[in-house]
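Here is the structure we will look at.
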Amino acid sequence: MTNIVQQRRKLERSHNFKLLASVIDWTVALYVVVPTLVIGFFLYKDFLLTISTSWVVHIPLAFLIVLLFFITRIETIRTYLQRADRLFLIQNRKQMIRLKRAGLYRSLSKHLILLGSGLALLAPIFIIVHHVTVLELLSLLLLLFTTNFVKVLLQLKLRKWQQLVCNIFMCILGTVCFLYVPVIITSLIYLILLVYCTSYYDKHFIYNTKYFDQQVELDQAAFYKWQSLLFQIAPELRSQLVPTLKKPRLLWKNSKRMFRRSDYFIEELICKTMLRQKQYRLGYLRFLLSGIGLIIIVPAWAKMIMLGILYFTLRSMMQSVIQQILEHKIWSIFQVSNEQIHAASRRLLKGFVDLPLLIVLIILIIILVL
């Protein structure tokens, strides 16, 4: 049985790793992920040093607690079930029980680690600003963990509007217990509730096969969670097929020229392709505007660093886009030399990368000087 759990977890890890590798290549890791981690560390350090005078001192403790109850949740309790198990594995009751129980323990332990890590990062706000003790923080961890477990049980039993009402009630109850009930009493109440929920899940969802189809559906949604999120962020990745259009994307009839010089026809075609292909246009704007947004929110000392990172990452992205466009079959018709392609690529990089970032640099210098 352990082999089945390990095999299915290994399959999921392999799937997620391949998906991650297709999104984060070495350029993204070098120019985005690593600098983000380094800058995030220094931003968090600066936040800790100035926490007593920062904007967080104006946030009430009750609001923070309510917010935590609303935003934290368990996605689903994994069962590692597949639809074919109805024919084969369901005949072996002991193996089915062990499989579901392994999914329960892994889901709860994973959520507890994530929840504890999040509270550890927020601990300076609670301890320094609101004078919350470590024991009270541990009690809050128990409250959040138990409440989220109750929420996921309600997800399996109730309708959506009933879930909403119960979630609001649990949020209010947890906030009141944390703020006005002694820590020991609150911890005992929620510990008893946690034990009861565990036994309830064990009886109705592990030993019982009534919710088999629902559990399989939820587990499959959890399996493809990151892939679904990626498709929501970039819908063009859902299908790599070229869309069927009445007019060719690369060159429209009766379209006006963008450049007066006739020897700029390579730039003409590439620019029109980028403007008329949604994935190129939105990808470029999303990348550029996200970088500018990060430059705006980071401290003054990190703005130039972020601008440099944005320059190299945007340049790499544009080089990849230009190369992808130049691989189109239509370029086999034209007699284009490598020198012309390199010259056109340099001019395009100046227009799409150097010019907008130069404008951002000038604006930054003006802001910092004034």
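In the structure tokens, chains take the letters A, B, ... in the order shown, each chain's residues start at 1, and ligands count up from 1 in the order shown.
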Backbone-only DSSP, alpha helix (DSSP H) members of segment 116-362 of chain A, as a ChimeraX atom specification: /A:116-124,134-157,160-180,183-201,212-223,225-233,265-276,278-297,300-326,338-349,355-362
Non-local contacts of segment 350-354 of chain A (8 Å; only C-alpha atoms; under 2 positions in same chain excluded) as a list in words: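 Here the qualifying residues turn out to be Tyr311, Leu314, Arg315, Met318, Arg346, Arg347, Leu348, Pro356, Leu357 and Leu358 of chain A.
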6 Å contact set for segment 65-82 of chain A, only C-alpha atoms, chain neighbours under 3 positions out, as a ChimeraX atom specification: /A:62,85,100,103-104,107,148,171,216,219
His15 of chain A environment, 12 Å, only C-alpha atoms, sequence neighbours closer than 5 positions dropped, as a list in words: Arg8, Arg9, Lys10, Leu20, Ala21, Ser22, Phe223, Tyr224, Lys225, Trp226 and Gln227 of chain A
Which residue of A:Arg101, A:Lys303, A:His328, A:Lys272 approaches Asp202 of chain A most closely, using only C-alpha atoms: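 When distances to Asp202 of chain A are compared using only C-alpha atoms, the smallest one comes from A:Arg101.
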List as a short mmCIF file (atom, residue, chain, number, x, y, z; two decimals) with N, CA and C atoms, in the first residue's frame the protein and nucleic acid residues near Ile125 of chain A, meaning an atom at most 12 Å away when only C-alpha atoms are counted, but skip any in the same chain fewer than 2 places from it.
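Listing of around-v9.cif after writing:
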data_model
loop_
_atom_site.label_atom_id
_atom_site.label_comp_id
_atom_site.auth_asym_id
_atom_site.auth_seq_id
_atom_site.Cartn_x
_atom_site.Cartn_y
_atom_site.Cartn_z
N TYR A 44 12.11 42.61 3.99
CA TYR A 44 11.58 42.10 5.26
C TYR A 44 12.43 42.56 6.44
N PHE A 47 11.64 46.10 7.09
CA PHE A 47 10.31 46.17 7.71
C PHE A 47 10.39 45.88 9.20
N LEU A 48 11.21 44.90 9.58
CA LEU A 48 11.35 44.58 11.00
C LEU A 48 12.01 45.71 11.78
N LEU A 49 12.97 46.38 11.14
CA LEU A 49 13.68 47.46 11.84
C LEU A 49 12.80 48.69 12.03
N THR A 50 11.85 48.89 11.15
CA THR A 50 10.99 50.09 11.23
C THR A 50 9.55 49.74 11.54
N ILE A 51 9.32 48.58 12.14
CA ILE A 51 7.94 48.13 12.33
C ILE A 51 7.19 48.99 13.34
N SER A 52 7.91 49.56 14.30
CA SER A 52 7.24 50.37 15.32
C SER A 52 6.71 51.68 14.77
N THR A 53 7.26 52.12 13.66
CA THR A 53 6.81 53.40 13.07
C THR A 53 6.16 53.21 11.71
N SER A 54 5.90 51.97 11.32
CA SER A 54 5.32 51.73 10.00
C SER A 54 3.80 51.81 10.05
N TRP A 55 3.18 51.60 8.90
CA TRP A 55 1.73 51.73 8.80
C TRP A 55 0.99 50.60 9.50
N VAL A 56 1.66 49.49 9.82
CA VAL A 56 0.96 48.36 10.43
C VAL A 56 0.51 48.65 11.86
N VAL A 57 1.09 49.67 12.49
CA VAL A 57 0.68 49.98 13.87
C VAL A 57 -0.74 50.52 13.92
N HIS A 58 -1.26 50.97 12.78
CA HIS A 58 -2.61 51.51 12.74
C HIS A 58 -3.67 50.45 12.44
N ILE A 59 -3.24 49.22 12.20
CA ILE A 59 -4.19 48.14 11.90
C ILE A 59 -4.61 47.49 13.21
N PRO A 60 -5.90 47.43 13.50
CA PRO A 60 -6.35 46.81 14.76
C PRO A 60 -6.06 45.31 14.77
N LEU A 61 -5.87 44.79 15.96
CA LEU A 61 -5.60 43.36 16.11
C LEU A 61 -6.79 42.52 15.64
N LEU A 64 -6.74 42.01 11.92
CA LEU A 64 -5.74 41.03 11.49
C LEU A 64 -6.24 39.60 11.72
N ILE A 65 -6.87 39.38 12.86
CA ILE A 65 -7.36 38.03 13.16
C ILE A 65 -8.45 37.63 12.18
N GLY A 118 3.71 31.00 7.94
CA GLY A 118 3.09 32.31 7.76
C GLY A 118 2.98 33.08 9.06
N LEU A 119 2.57 32.40 10.12
CA LEU A 119 2.48 33.08 11.42
C LEU A 119 3.86 33.47 11.95
N ALA A 120 4.87 32.67 11.64
CA ALA A 120 6.23 33.03 12.06
C ALA A 120 6.69 34.32 11.39
N LEU A 121 6.33 34.49 10.12
CA LEU A 121 6.69 35.74 9.43
C LEU A 121 5.91 36.93 9.97
N LEU A 122 4.67 36.68 10.40
CA LEU A 122 3.85 37.76 10.94
C LEU A 122 4.04 37.96 12.44
N ALA A 123 4.84 37.10 13.06
CA ALA A 123 5.01 37.17 14.52
C ALA A 123 5.50 38.54 15.00
N ILE A 127 3.79 40.44 18.12
CA ILE A 127 4.54 40.56 19.37
C ILE A 127 4.95 42.01 19.65
N ILE A 128 5.49 42.69 18.65
CA ILE A 128 6.01 44.05 18.87
C ILE A 128 4.89 45.08 18.89
N VAL A 129 3.98 44.99 17.94
CA VAL A 129 2.94 46.02 17.80
C VAL A 129 1.78 45.77 18.76
N HIS A 130 1.28 44.52 18.80
CA HIS A 130 0.08 44.23 19.59
C HIS A 130 0.37 43.50 20.89
N HIS A 131 1.65 43.24 21.19
CA HIS A 131 2.07 42.66 22.47
C HIS A 131 1.39 41.31 22.74
N VAL A 132 1.32 40.49 21.71
CA VAL A 132 0.78 39.14 21.84
C VAL A 132 1.90 38.21 22.28
N THR A 133 1.62 37.33 23.23
CA THR A 133 2.63 36.41 23.72
C THR A 133 2.79 35.22 22.77
N LEU A 137 0.11 33.13 20.38
CA LEU A 137 0.34 32.84 18.96
C LEU A 137 0.14 31.36 18.66
#
